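Enquirer: File follows, structure.cif with mmCIF, C-alpha atoms and all ligand atoms:
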```cif
data_run
loop_
_atom_site.label_atom_id
_atom_site.label_comp_id
_atom_site.auth_asym_id
_atom_site.auth_seq_id
_atom_site.Cartn_x
_atom_site.Cartn_y
_atom_site.Cartn_z
CA MET A 28 15.50 -21.67 15.25
CA SER A 29 14.82 -18.90 17.74
CA GLU A 30 12.59 -19.26 20.77
CA THR A 31 8.94 -18.17 20.68
CA VAL A 32 6.97 -17.54 23.87
CA LEU A 33 3.19 -17.10 23.49
CA ARG A 34 1.40 -16.27 26.71
CA ARG A 35 -1.09 -13.74 28.01
CA GLY A 36 0.70 -11.20 30.22
CA ALA A 37 4.15 -12.23 28.91
CA LEU A 38 5.22 -8.60 28.41
CA ASN A 39 5.85 -8.39 32.16
CA GLU A 40 8.30 -11.28 31.82
CA LEU A 41 10.31 -9.64 29.01
CA GLY A 42 13.46 -9.00 31.09
CA GLY A 43 13.49 -12.44 32.70
CA LEU A 44 12.93 -14.23 29.39
CA MET A 45 15.73 -12.22 27.78
CA ARG A 46 18.11 -13.06 30.60
CA GLY A 47 17.09 -16.68 30.16
CA ILE A 48 18.47 -16.68 26.60
CA GLY A 49 21.69 -14.95 27.64
CA CYS A 50 20.90 -11.28 26.99
CA MET A 51 22.40 -8.73 29.40
CA GLY A 52 23.73 -5.19 29.45
CA LYS A 53 21.98 -2.63 27.28
CA ALA A 54 18.62 -2.95 25.55
CA ALA A 55 17.44 -0.51 22.86
CA LEU A 56 13.65 -0.53 22.97
CA ILE A 57 12.28 0.59 19.58
CA SER A 58 8.62 1.37 18.97
CA ASP A 59 6.28 3.67 17.11
CA VAL A 60 4.58 6.61 18.80
CA ASN A 61 1.17 4.87 19.13
CA VAL A 62 2.54 1.71 20.67
CA ALA A 63 5.08 3.60 22.80
CA GLY A 64 2.23 5.52 24.44
CA LEU A 65 0.53 2.24 25.33
CA PHE A 66 3.30 -0.17 26.32
CA MET A 67 6.74 1.46 26.38
CA SER A 68 6.83 2.17 30.12
CA ARG A 69 5.70 -1.38 30.99
CA ALA A 70 8.29 -2.89 28.68
CA LYS A 71 10.98 -0.59 30.07
CA GLU A 72 10.12 -1.54 33.63
CA ALA A 73 10.14 -5.25 32.75
CA LEU A 74 13.69 -4.81 31.44
CA ARG A 75 14.98 -2.51 34.18
CA CYS A 76 13.86 -4.79 36.98
CA GLU A 77 16.09 -7.50 35.48
CA GLY A 78 19.09 -5.16 35.43
CA PHE A 79 19.06 -3.98 31.81
CA GLU A 80 20.14 -0.44 30.97
CA VAL A 81 17.31 0.69 28.69
CA PHE A 82 17.38 3.23 25.83
CA THR A 83 14.10 4.07 24.07
CA HIS A 84 13.32 5.41 20.60
CA ALA A 85 9.93 5.88 18.90
CA VAL A 86 9.38 6.46 15.17
CA PRO A 87 6.18 7.89 13.63
CA ALA A 88 3.48 5.25 13.14
CA GLY A 89 2.85 3.83 9.68
CA GLU A 90 4.54 2.37 6.62
CA SER A 91 6.38 5.63 5.86
CA SER A 92 8.73 4.85 8.76
CA LYS A 93 10.07 1.81 6.88
CA SER A 94 12.43 4.18 5.05
CA LEU A 95 16.16 4.54 4.55
CA SER A 96 16.11 7.84 6.45
CA ARG A 97 14.42 6.34 9.56
CA TYR A 98 16.77 3.38 9.29
CA GLY A 99 19.77 5.77 9.25
CA GLU A 100 18.40 7.64 12.28
CA LEU A 101 17.95 4.37 14.13
CA LEU A 102 21.53 3.25 13.46
CA GLY A 103 22.67 6.66 14.77
CA PHE A 104 20.54 6.18 17.89
CA LEU A 105 22.08 2.74 18.55
CA ALA A 106 25.60 4.17 18.14
CA GLU A 107 24.89 7.17 20.37
CA SER A 108 23.46 4.87 23.02
CA GLY A 109 26.74 2.97 22.93
CA LEU A 110 25.26 -0.45 22.10
CA THR A 111 27.90 -3.12 21.60
CA ARG A 112 27.79 -6.60 20.12
CA SER A 113 26.67 -8.12 23.41
CA ASP A 114 23.60 -5.84 23.64
CA THR A 115 20.07 -6.26 22.28
CA VAL A 116 17.56 -4.45 20.07
CA VAL A 117 13.95 -4.99 21.18
CA ALA A 118 11.27 -4.26 18.54
CA LEU A 119 7.99 -3.42 20.31
CA GLY A 120 5.26 -2.84 17.73
CA GLY A 121 3.57 -3.98 14.55
CA GLY A 122 5.21 -5.19 11.36
CA VAL A 123 6.63 -1.76 10.53
CA VAL A 124 8.63 -1.51 13.75
CA GLY A 125 9.61 -5.19 13.56
CA ASP A 126 10.96 -4.86 10.00
CA LEU A 127 12.72 -1.53 10.61
CA ALA A 128 14.27 -2.35 14.00
CA GLY A 129 15.06 -5.86 12.77
CA PHE A 130 16.99 -4.47 9.80
CA ALA A 131 18.90 -2.10 12.09
CA ALA A 132 19.75 -5.02 14.41
CA ALA A 133 20.85 -7.10 11.40
CA THR A 134 23.29 -4.46 10.19
CA TYR A 135 24.47 -2.42 13.22
CA LEU A 136 28.00 -3.65 14.05
CA ARG A 137 27.31 -6.32 11.38
CA GLY A 138 24.50 -7.72 13.49
CA ILE A 139 23.43 -7.67 17.12
CA ARG A 140 20.82 -9.66 18.98
CA LEU A 141 17.15 -8.97 18.20
CA VAL A 142 14.03 -9.60 20.28
CA GLN A 143 10.60 -9.18 18.67
CA VAL A 144 7.59 -8.16 20.76
CA PRO A 145 4.71 -7.97 18.23
CA THR A 146 1.71 -5.82 19.12
CA SER A 147 -0.48 -6.16 15.99
CA LEU A 148 -2.25 -9.38 14.99
CA LEU A 149 -0.36 -9.42 11.68
CA ALA A 150 2.96 -9.11 13.51
CA CYS A 151 2.01 -11.86 16.01
CA VAL A 152 1.08 -14.42 13.34
CA ASP A 153 3.51 -13.43 10.63
CA SER A 154 6.14 -10.68 10.57
CA SER A 155 7.74 -11.28 14.01
CA VAL A 156 8.58 -14.88 13.12
CA GLY A 157 10.88 -16.03 10.33
CA GLY A 158 13.62 -13.40 10.26
CA LYS A 159 12.70 -11.23 7.28
CA THR A 160 13.63 -7.60 8.01
CA GLY A 161 13.88 -4.57 5.80
CA VAL A 162 12.77 -1.18 4.58
CA ASP A 163 11.02 0.21 1.51
CA LEU A 164 12.70 2.16 -1.27
CA GLU A 165 11.02 4.80 -3.43
CA GLN A 166 10.93 2.14 -6.15
CA GLY A 167 8.94 -0.34 -4.11
CA LYS A 168 8.18 -2.11 -0.84
CA ASN A 169 10.72 -4.24 1.06
CA LEU A 170 13.40 -3.77 -1.60
CA ALA A 171 16.29 -3.52 0.92
CA GLY A 172 16.59 -5.98 3.76
CA ALA A 173 18.23 -8.92 5.43
CA PHE A 174 17.39 -12.29 6.89
CA TRP A 175 18.02 -11.91 10.61
CA GLN A 176 16.41 -14.33 13.03
CA PRO A 177 15.20 -12.94 16.34
CA ALA A 178 16.76 -14.58 19.39
CA LEU A 179 13.31 -14.46 20.98
CA THR A 180 9.79 -13.62 19.86
CA LEU A 181 7.51 -12.78 22.77
CA ILE A 182 3.82 -12.81 21.88
CA ASP A 183 1.43 -11.43 24.49
CA PRO A 184 -2.12 -11.55 23.04
CA ASP A 185 -3.31 -9.13 25.76
CA LEU A 186 -1.49 -6.38 23.85
CA LEU A 187 -3.94 -6.82 20.96
CA ARG A 188 -6.90 -5.48 22.95
CA SER A 189 -6.05 -1.86 22.09
CA LEU A 190 -5.76 -2.61 18.36
CA PRO A 191 -8.36 -0.77 16.22
CA ALA A 192 -10.82 -3.27 14.64
CA GLU A 193 -9.76 -2.38 11.09
CA ILE A 194 -6.13 -3.17 11.83
CA TYR A 195 -7.04 -6.37 13.65
CA ARG A 196 -8.95 -7.42 10.52
CA ASP A 197 -5.81 -7.07 8.40
CA GLY A 198 -4.20 -9.77 10.54
CA LEU A 199 -7.21 -12.04 9.94
CA ALA A 200 -6.29 -12.15 6.25
CA GLU A 201 -2.93 -13.72 7.12
CA ILE A 202 -4.70 -16.24 9.38
CA VAL A 203 -6.96 -17.27 6.48
CA LYS A 204 -3.77 -17.65 4.43
CA TYR A 205 -2.24 -20.11 6.92
CA ALA A 206 -5.47 -22.11 7.01
CA ALA A 207 -5.66 -22.16 3.21
CA ILE A 208 -2.10 -23.31 2.67
CA ARG A 209 -1.71 -25.84 5.44
CA ASP A 210 -4.40 -26.26 8.07
CA ARG A 211 -7.99 -27.34 7.43
CA ALA A 212 -8.61 -27.61 11.21
CA LEU A 213 -7.58 -23.96 11.62
CA PHE A 214 -10.00 -23.03 8.83
CA ASP A 215 -12.77 -24.81 10.74
CA LEU A 216 -12.03 -22.61 13.80
CA LEU A 217 -12.79 -19.48 11.76
CA PRO A 218 -14.32 -17.07 12.56
CA TYR A 219 -12.94 -17.64 16.06
CA ASP A 220 -13.96 -16.02 19.32
CA LEU A 221 -11.54 -14.43 21.76
CA GLY A 222 -11.27 -17.58 23.85
CA GLU A 223 -9.71 -19.31 20.83
CA GLU A 224 -7.39 -16.47 19.83
CA GLU A 225 -4.30 -17.89 21.53
CA GLU A 226 -4.81 -21.29 19.88
CA VAL A 227 -5.29 -19.64 16.48
CA ILE A 228 -2.10 -17.58 16.85
CA ARG A 229 -0.19 -20.68 17.99
CA ARG A 230 -1.24 -22.68 14.95
CA CYS A 231 -0.16 -19.88 12.59
CA VAL A 232 3.21 -19.46 14.31
CA ASP A 233 3.78 -23.23 14.21
CA ILE A 234 3.11 -23.32 10.45
CA LYS A 235 5.43 -20.40 9.82
CA ARG A 236 8.21 -21.87 11.99
CA GLU A 237 7.90 -25.22 10.25
CA LEU A 238 8.14 -23.72 6.74
CA VAL A 239 10.98 -21.36 7.71
CA SER A 240 12.95 -24.14 9.39
CA ARG A 241 12.95 -26.03 6.09
CA ASP A 242 13.61 -23.06 3.80
CA GLU A 243 14.93 -20.05 5.69
CA ARG A 244 16.06 -18.19 2.56
CA ASP A 245 12.71 -18.38 0.75
CA ARG A 246 13.93 -20.42 -2.21
CA GLY A 247 11.31 -23.17 -2.05
CA GLU A 248 8.58 -24.21 0.33
CA ARG A 249 8.57 -20.95 2.33
CA GLN A 250 7.10 -19.28 -0.75
CA LEU A 251 3.78 -20.94 0.11
CA LEU A 252 3.46 -18.09 2.64
CA ASN A 253 3.06 -15.79 -0.35
CA PHE A 254 -0.37 -17.24 -1.19
CA GLY A 255 -2.48 -14.29 -2.37
CA HIS A 256 0.52 -11.97 -2.18
CA SER A 257 1.63 -11.65 -5.83
CA PHE A 258 -1.81 -10.40 -6.83
CA GLY A 259 -2.17 -8.66 -3.45
CA HIS A 260 1.02 -6.61 -3.88
CA ALA A 261 -0.24 -5.53 -7.30
CA PHE A 262 -3.60 -4.44 -5.79
CA GLU A 263 -1.76 -2.47 -3.09
CA LYS A 264 0.38 -0.72 -5.67
CA LEU A 265 -2.53 0.00 -8.03
CA SER A 266 -4.49 1.56 -5.15
CA GLY A 267 -1.57 3.89 -4.41
CA TYR A 268 -1.25 2.00 -1.09
CA SER A 269 -4.70 3.18 0.08
CA LEU A 270 -5.67 -0.52 0.23
CA SER A 271 -4.02 -2.10 3.29
CA HIS A 272 -1.75 -5.14 2.98
CA GLY A 273 -4.25 -7.46 4.69
CA ARG A 274 -7.17 -6.42 2.50
CA ALA A 275 -5.05 -6.69 -0.64
CA VAL A 276 -3.92 -10.20 0.33
CA ALA A 277 -7.53 -11.18 1.08
CA ALA A 278 -8.64 -10.12 -2.42
CA GLY A 279 -5.50 -11.74 -3.89
CA MET A 280 -6.35 -15.11 -2.30
CA CYS A 281 -9.89 -14.91 -3.69
CA ALA A 282 -8.60 -14.09 -7.20
CA MET A 283 -6.25 -17.08 -7.03
CA ALA A 284 -9.07 -19.34 -5.78
CA ARG A 285 -11.21 -18.29 -8.77
CA ALA A 286 -8.35 -18.84 -11.21
CA SER A 287 -7.49 -22.22 -9.64
CA TYR A 288 -11.11 -23.36 -9.95
CA ALA A 289 -11.25 -22.23 -13.60
CA LEU A 290 -8.04 -24.19 -14.27
CA GLY A 291 -9.57 -27.31 -12.72
CA LEU A 292 -7.17 -27.32 -9.76
CA CYS A 293 -9.76 -27.14 -6.96
CA SER A 294 -13.44 -27.86 -6.45
CA ALA A 295 -16.13 -25.16 -6.67
CA GLU A 296 -16.99 -25.95 -3.05
CA ASP A 297 -13.47 -25.26 -1.78
CA ALA A 298 -13.12 -22.05 -3.80
CA SER A 299 -16.44 -20.75 -2.48
CA SER A 300 -15.62 -21.78 1.13
CA LEU A 301 -12.45 -19.71 0.98
CA ILE A 302 -14.11 -16.71 -0.67
CA GLY A 303 -17.10 -17.00 1.72
CA MET A 304 -14.79 -16.96 4.76
CA VAL A 305 -12.95 -13.87 3.53
CA HIS A 306 -16.35 -12.18 3.17
CA VAL A 307 -17.58 -13.30 6.63
CA LEU A 308 -14.43 -11.85 8.19
CA GLY A 309 -15.26 -8.46 6.67
CA LEU A 310 -12.43 -8.49 4.15
CA PRO A 311 -12.75 -7.71 0.41
CA THR A 312 -13.18 -10.61 -2.00
CA GLU A 313 -12.43 -8.53 -5.11
CA THR A 314 -11.01 -5.22 -6.31
CA PRO A 315 -11.82 -3.12 -9.38
CA TYR A 316 -8.41 -3.75 -11.01
CA THR A 317 -8.31 -5.60 -14.31
CA ALA A 318 -6.17 -8.57 -15.32
CA GLU A 319 -4.04 -6.36 -17.61
CA GLU A 320 -3.43 -3.76 -14.89
CA VAL A 321 -2.36 -6.45 -12.45
CA TYR A 322 -0.20 -8.15 -15.08
CA GLY A 323 1.66 -4.87 -15.64
CA CYS A 324 2.45 -4.69 -11.91
CA VAL A 325 3.43 -8.33 -11.55
CA LEU A 326 6.00 -7.85 -14.34
CA SER A 327 8.01 -5.73 -11.90
CA ASP A 328 7.49 -8.09 -8.92
CA LYS A 329 10.77 -8.81 -7.15
CA LYS A 330 9.81 -12.49 -6.97
CA ARG A 331 9.76 -12.85 -10.75
CA GLN A 332 12.61 -14.97 -12.10
CA GLY A 333 13.28 -13.82 -15.66
CA GLU A 334 10.48 -15.09 -17.92
CA ARG A 335 9.06 -17.39 -15.25
CA MET A 336 7.31 -16.89 -11.97
CA THR A 337 6.21 -19.11 -9.10
CA LEU A 338 2.50 -18.84 -8.41
CA ILE A 339 0.92 -20.26 -5.28
CA THR A 340 -2.08 -22.14 -6.59
CA PHE A 341 -5.07 -23.25 -4.50
CA HIS A 342 -5.99 -26.95 -4.58
CA GLY A 343 -8.37 -27.06 -1.61
CA ILE A 344 -8.56 -25.83 1.98
CA GLY A 345 -5.20 -26.68 3.56
CA ASP A 346 -3.60 -27.47 0.20
CA CYS A 347 -1.73 -24.82 -1.75
CA ARG A 348 1.17 -25.64 -4.07
CA LEU A 349 4.05 -23.90 -5.80
CA THR A 350 3.41 -23.76 -9.54
CA CYS A 351 6.10 -22.46 -11.82
CA CYS A 352 4.53 -20.74 -14.81
CA SER A 353 5.51 -18.71 -17.85
CA MET A 354 4.43 -15.07 -18.09
CA ASP A 355 1.78 -16.15 -20.64
CA GLU A 356 0.35 -18.69 -18.23
CA LEU A 357 0.32 -16.04 -15.52
CA ARG A 358 -1.63 -13.71 -17.81
CA GLN A 359 -4.11 -16.51 -18.43
CA ALA A 360 -4.49 -17.14 -14.67
CA LEU A 361 -5.11 -13.42 -14.12
CA ARG A 362 -7.81 -13.37 -16.79
CA LEU A 363 -9.52 -16.29 -15.07
CA GLY A 364 -9.37 -14.72 -11.61
CA LEU A 365 -9.99 -11.05 -12.34
CA PRO A 366 -12.19 -8.79 -14.45
CA VAL A 367 -10.78 -8.41 -17.97
N1 LIG B 401 8.91 -9.45 7.95
C1 LIG B 401 7.89 -10.16 7.51
O1 LIG B 401 7.97 -11.39 7.38
C2 LIG B 401 6.58 -9.49 7.20
C3 LIG B 401 5.43 -10.26 6.96
C4 LIG B 401 4.22 -9.59 6.73
C5 LIG B 401 4.18 -8.20 6.76
N2 LIG B 401 5.32 -7.49 6.99
C6 LIG B 401 5.30 -6.02 7.06
O2 LIG B 401 4.51 -5.64 8.16
C7 LIG B 401 4.03 -4.32 7.96
C8 LIG B 401 2.57 -4.25 8.36
O3 LIG B 401 2.48 -4.57 9.72
P1 LIG B 401 1.25 -4.06 10.62
O4 LIG B 401 -0.01 -4.37 9.92
O5 LIG B 401 1.48 -4.56 11.99
O6 LIG B 401 1.41 -2.48 10.51
P2 LIG B 401 1.96 -1.38 11.54
O7 LIG B 401 3.19 -1.81 12.20
O8 LIG B 401 1.99 -0.10 10.78
O9 LIG B 401 0.80 -1.31 12.61
C9 LIG B 401 -0.47 -0.89 12.20
C10 LIG B 401 -0.97 0.25 13.10
O10 LIG B 401 -1.36 -0.32 14.34
C11 LIG B 401 -0.78 0.40 15.41
N3 LIG B 401 -0.63 -0.55 16.51
C12 LIG B 401 0.20 -1.63 16.54
N4 LIG B 401 -0.01 -2.33 17.65
C13 LIG B 401 -1.00 -1.70 18.34
C14 LIG B 401 -1.68 -1.97 19.55
N5 LIG B 401 -1.43 -3.07 20.28
N6 LIG B 401 -2.65 -1.11 19.94
C15 LIG B 401 -2.96 -0.02 19.18
N7 LIG B 401 -2.36 0.27 18.02
C16 LIG B 401 -1.39 -0.55 17.60
C17 LIG B 401 0.48 0.97 14.85
O11 LIG B 401 0.91 2.09 15.58
C18 LIG B 401 0.07 1.32 13.43
O12 LIG B 401 -0.56 2.57 13.42
C19 LIG B 401 4.26 -4.01 6.47
O13 LIG B 401 5.33 -3.11 6.36
C20 LIG B 401 4.63 -5.36 5.88
O14 LIG B 401 5.52 -5.23 4.77
C21 LIG B 401 6.51 -8.11 7.22
#
```
Translate this file's structure into structure tokens.
Ligand SMILES: NC(=O)c1ccc[n+]([C@@H]2O[C@H](COP(=O)([O-])OP(=O)(O)OC[C@H]3O[C@@H](n4cnc5c(N)ncnc54)[C@H](O)[C@@H]3O)[C@@H](O)[C@H]2O)c1
Expert:
Amino acid sequence: MSETVLRRGALNELGGLMRGIGCMGKAALISDVNVAGLFMSRAKEALRCEGFEVFTHAVPAGESSKSLSRYGELLGFLAESGLTRSDTVVALGGGVVGDLAGFAAATYLRGIRLVQVPTSLLACVDSSVGGKTGVDLEQGKNLAGAFWQPALTLIDPDLLRSLPAEIYRDGLAEIVKYAAIRDRALFDLLPYDLGEEEEVIRRCVDIKRELVSRDERDRGERQLLNFGHSFGHAFEKLSGYSLSHGRAVAAGMCAMARASYALGLCSAEDASSLIGMVHVLGLPTETPYTAEEVYGCVLSDKKRQGERMTLITFHGIGDCRLTCCSMDELRQALRLGLPV
């Protein structure tokens, strides 16, 4: 799989690290307006001093930029800048920029090299690794996309210091997810202090890389990374997207922990440790949505396979499993985990 560099101050090494993996020529540096104001000139300088010809483009901040129209604009920008197959797209930003620029890199000239430089905690631990790229359609989130592995992911935790606390917290939900599915020792580090941040990010990236290396196309084990997400996506949708992804996933994990306990799959102690940690981290442990409302949303989930669906059930801290269930069993699980 692609290379991942995780080091404080690594942004200044961007050009050298890219040359090290064979990049040269032109680099299209894509960001959003918030992140561009903070880091674009440093990133540009780091590329220029290694001889890259740099072209920059910033989209508005926020999920609305993961659209077909922004994607079209971006392809036009790459063409106007004269990028060829030997050039590179660099995504400097959170998950929105990573997914959008990644999808443009995957499809421009049928695919050119991509470098991810994540600047949000969620992007560092999750979206910049694993090669899922895409945009939203009016009909739903992430409905158009491609698997396109970055040639390099450069994670510089110093870039997280300007992140608003609320957005940082969204990334914590994904960290709890990694601990819950695979890593009891990571769970024991939570809540971590800044001195442990690099270690925490490393553990999450290692888990993601391991799962992706065994199941790049998300047909089996990689689906463990969706723990809390089926219910979480429904909460996001029911809130009209006023509930952030991280908060929705946090509440989704708690609902699944409650359902798993009621089904006799995990101990009361493990379910309450998980829910307690979500609470301590300042994330929601429940939402007002009922089992029937969530069931209605899950029926249109893109991960549903006909009359069956794979749920990620919770069996203890560090132990989640794929459980294939019928739609009736799903309804039952929802009733156990959510208000009826
Ligand atoms: N591809 C994947 O595997 C994958 C996995 C999980 C989530 N995602 C996607 O990621 C997106 C969410 O990502 P996100 O939470 O990073 O959102 P985001 O990219 O919208 O970033 C959140 C906000 O933080 C700002 N920001 C980012 N870095 C900053 C910094 N260092 N300092 C100050 N402000 C900064 C952004 O401008 C934005 O306003 C969603 O679209 C989701 O679907 C993708």
Enquirer: Which residue gives the smallest distance to Ile57 (chain A) among A:Gly109, A:Gly125, A:Gly172, A:Gly259, with only C-alpha atoms counted?
Expert: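 Smallest separation from Ile57 (chain A) among the options: A:Gly125.
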Enquirer: Skipping near chain neighbours, those fewer than 6 positions away, what residues fall within 6 Å of Gly121 (chain A) using all atoms listed in the file, listed as a list in words?
Expert: Pro145, Thr146, Ser147 and Ala150 of chain A
Enquirer: For the residues selected in the previous step, produce a file with C-alpha atoms as a compact mmCIF listing (two decimals), in the frame of the given file.
Expert:
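The result, stored in selection11.txt:
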```
# COMPACT_ATOMS: atom_id res chain seq x y z
CA PRO A 145 4.71 -7.97 18.23
CA THR A 146 1.71 -5.82 19.12
CA SER A 147 -0.48 -6.16 15.99
CA ALA A 150 2.96 -9.11 13.51
```
Enquirer: Give, as AutoDock Vina command-line options, the centre coordinates and the x, y and z edge lengths in Å to one decimal for an axis-aligned box around all listed atoms of ligand LIG 401 (chain B), padded by 5 Å on each side.
Expert:
```
--center_x 3.0 --center_y -4.4 --center_z 12.5 --size_x 21.9 --size_y 24.0 --size_z 25.5
```
Enquirer: Please check which protein, DNA or RNA residues sit within 7 Å of ligand LIG 401 (chain B), counting all atoms listed in the file, and write them as a PyMOL selection string.
Expert: chain A and resi 59-62+88-90+93+120-124+126+146-150+153-160+168-169+186-191+194+197-198+272
Enquirer: For a quick check of understanding, using only C-alpha atoms, which of A:Met67, A:Cys231, A:Ile202, A:Leu221 has the smallest distance to Ala277 (chain A)?
Expert: A:Ile202
Enquirer: Taking only C-alpha atoms into account, which of A:Leu365, A:Leu170, A:Ile302, A:Ala286 comes nearest Glu319 (chain A)?
Expert: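 Closest to Glu319 (chain A), using only C-alpha atoms: A:Leu365.
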Enquirer: Between A:Leu270, A:Cys281, A:Val305, A:Leu349, single out the one closest to Leu251 (chain A), counting only C-alpha atoms.
Expert: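 Using only C-alpha atoms, the shortest distance to Leu251 (chain A) belongs to A:Leu349.
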Enquirer: Distance CA of Leu290 (chain A)-CA of Leu308 (chain A), one decimal place?
Expert: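 Going from CA of Leu290 (chain A) over to CA of Leu308 (chain A) covers 26.4 Å.
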Enquirer: Using all atoms listed in the file, can you tell me which of A:Thr317, A:Thr340, A:Thr115, A:Thr134 comes closest to Leu252 (chain A)?
Expert: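 Comparing A:Thr317, A:Thr340, A:Thr115, A:Thr134 against Leu252 (chain A), the winner is A:Thr340.
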Enquirer: Grab the CA of Ala200 (chain A) to CA of Ala131 (chain A) distance for me, in Å with one decimal place.
Expert: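 Interatomic distance, CA of Ala200 (chain A) to CA of Ala131 (chain A): 27.7 Å.
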Enquirer: Just want the 12 Å neighbourhood of Cys50 (chain A), counted on only C-alpha atoms, with same-chain residues fewer than 2 positions away dropped. Output as a PyMOL selection string.
Expert: chain A and resi 41-48+52-54+74+77-80+112-117+139-142+178-179
Enquirer: Dump as a list in words all residues having an atom at most 8 Å from (-8.8, -5.8, -8.2), computed in the file's coordinates with all atoms listed in the file.
Expert: Phe262, Ala278, Glu313, Thr314, Pro315, Tyr316, Thr317, Val321, Leu365 and Pro366 of chain A
Enquirer: Any chance you could build region 219-224 of chain A out to all heavy atoms and write it as a PDB file, keeping the file's coordinate frame?
Expert:
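In the end it all went to out37.pdb:
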```
ATOM      1  N   TYR A 219     -13.144 -17.187  14.672  1.00  0.00           N
ATOM      2  CA  TYR A 219     -12.940 -17.640  16.060  1.00  0.00           C
ATOM      3  C   TYR A 219     -13.448 -16.594  17.044  1.00  0.00           C
ATOM      4  O   TYR A 219     -13.637 -15.435  16.690  1.00  0.00           O
ATOM      5  CB  TYR A 219     -11.460 -17.927  16.307  1.00  0.00           C
ATOM      6  CG  TYR A 219     -10.536 -16.745  16.096  1.00  0.00           C
ATOM      7  CD1 TYR A 219     -10.255 -15.850  17.120  1.00  0.00           C
ATOM      8  CD2 TYR A 219      -9.927 -16.519  14.859  1.00  0.00           C
ATOM      9  CE1 TYR A 219      -9.397 -14.776  16.930  1.00  0.00           C
ATOM     10  CE2 TYR A 219      -9.073 -15.446  14.654  1.00  0.00           C
ATOM     11  CZ  TYR A 219      -8.809 -14.579  15.692  1.00  0.00           C
ATOM     12  OH  TYR A 219      -7.982 -13.512  15.493  1.00  0.00           O
ATOM     13  N   ASP A 220     -13.675 -17.032  18.302  1.00  0.00           N
ATOM     14  CA  ASP A 220     -13.960 -16.020  19.320  1.00  0.00           C
ATOM     15  C   ASP A 220     -12.722 -15.838  20.190  1.00  0.00           C
ATOM     16  O   ASP A 220     -11.755 -16.588  20.078  1.00  0.00           O
ATOM     17  CB  ASP A 220     -15.244 -16.340  20.105  1.00  0.00           C
ATOM     18  CG  ASP A 220     -15.184 -17.676  20.797  1.00  0.00           C
ATOM     19  OD1 ASP A 220     -14.127 -17.990  21.402  1.00  0.00           O
ATOM     20  OD2 ASP A 220     -16.177 -18.415  20.716  1.00  0.00           O
ATOM     21  N   LEU A 221     -12.771 -14.813  21.043  1.00  0.00           N
ATOM     22  CA  LEU A 221     -11.540 -14.430  21.760  1.00  0.00           C
ATOM     23  C   LEU A 221     -10.909 -15.557  22.565  1.00  0.00           C
ATOM     24  O   LEU A 221      -9.698 -15.638  22.696  1.00  0.00           O
ATOM     25  CB  LEU A 221     -11.839 -13.254  22.698  1.00  0.00           C
ATOM     26  CG  LEU A 221     -11.620 -11.872  22.083  1.00  0.00           C
ATOM     27  CD1 LEU A 221     -11.642 -10.803  23.152  1.00  0.00           C
ATOM     28  CD2 LEU A 221     -10.322 -11.808  21.284  1.00  0.00           C
ATOM     29  N   GLY A 222     -11.785 -16.454  23.064  1.00  0.00           N
ATOM     30  CA  GLY A 222     -11.270 -17.580  23.850  1.00  0.00           C
ATOM     31  C   GLY A 222     -10.359 -18.485  23.022  1.00  0.00           C
ATOM     32  O   GLY A 222      -9.542 -19.225  23.575  1.00  0.00           O
ATOM     33  N   GLU A 223     -10.517 -18.434  21.705  1.00  0.00           N
ATOM     34  CA  GLU A 223      -9.710 -19.310  20.830  1.00  0.00           C
ATOM     35  C   GLU A 223      -8.537 -18.572  20.192  1.00  0.00           C
ATOM     36  O   GLU A 223      -7.769 -19.158  19.440  1.00  0.00           O
ATOM     37  CB  GLU A 223     -10.613 -19.876  19.721  1.00  0.00           C
ATOM     38  CG  GLU A 223     -11.648 -20.845  20.235  1.00  0.00           C
ATOM     39  CD  GLU A 223     -12.791 -21.048  19.239  1.00  0.00           C
ATOM     40  OE1 GLU A 223     -13.174 -20.078  18.551  1.00  0.00           O
ATOM     41  OE2 GLU A 223     -13.299 -22.169  19.157  1.00  0.00           O
ATOM     42  N   GLU A 224      -8.404 -17.293  20.517  1.00  0.00           N
ATOM     43  CA  GLU A 224      -7.390 -16.470  19.830  1.00  0.00           C
ATOM     44  C   GLU A 224      -5.974 -17.024  20.014  1.00  0.00           C
ATOM     45  O   GLU A 224      -5.181 -17.097  19.066  1.00  0.00           O
ATOM     46  CB  GLU A 224      -7.463 -15.040  20.372  1.00  0.00           C
ATOM     47  CG  GLU A 224      -6.562 -14.062  19.647  1.00  0.00           C
ATOM     48  CD  GLU A 224      -6.565 -12.697  20.330  1.00  0.00           C
ATOM     49  OE1 GLU A 224      -6.367 -12.641  21.558  1.00  0.00           O
ATOM     50  OE2 GLU A 224      -6.773 -11.693  19.632  1.00  0.00           O
TER      51      GLU A 224
END
```
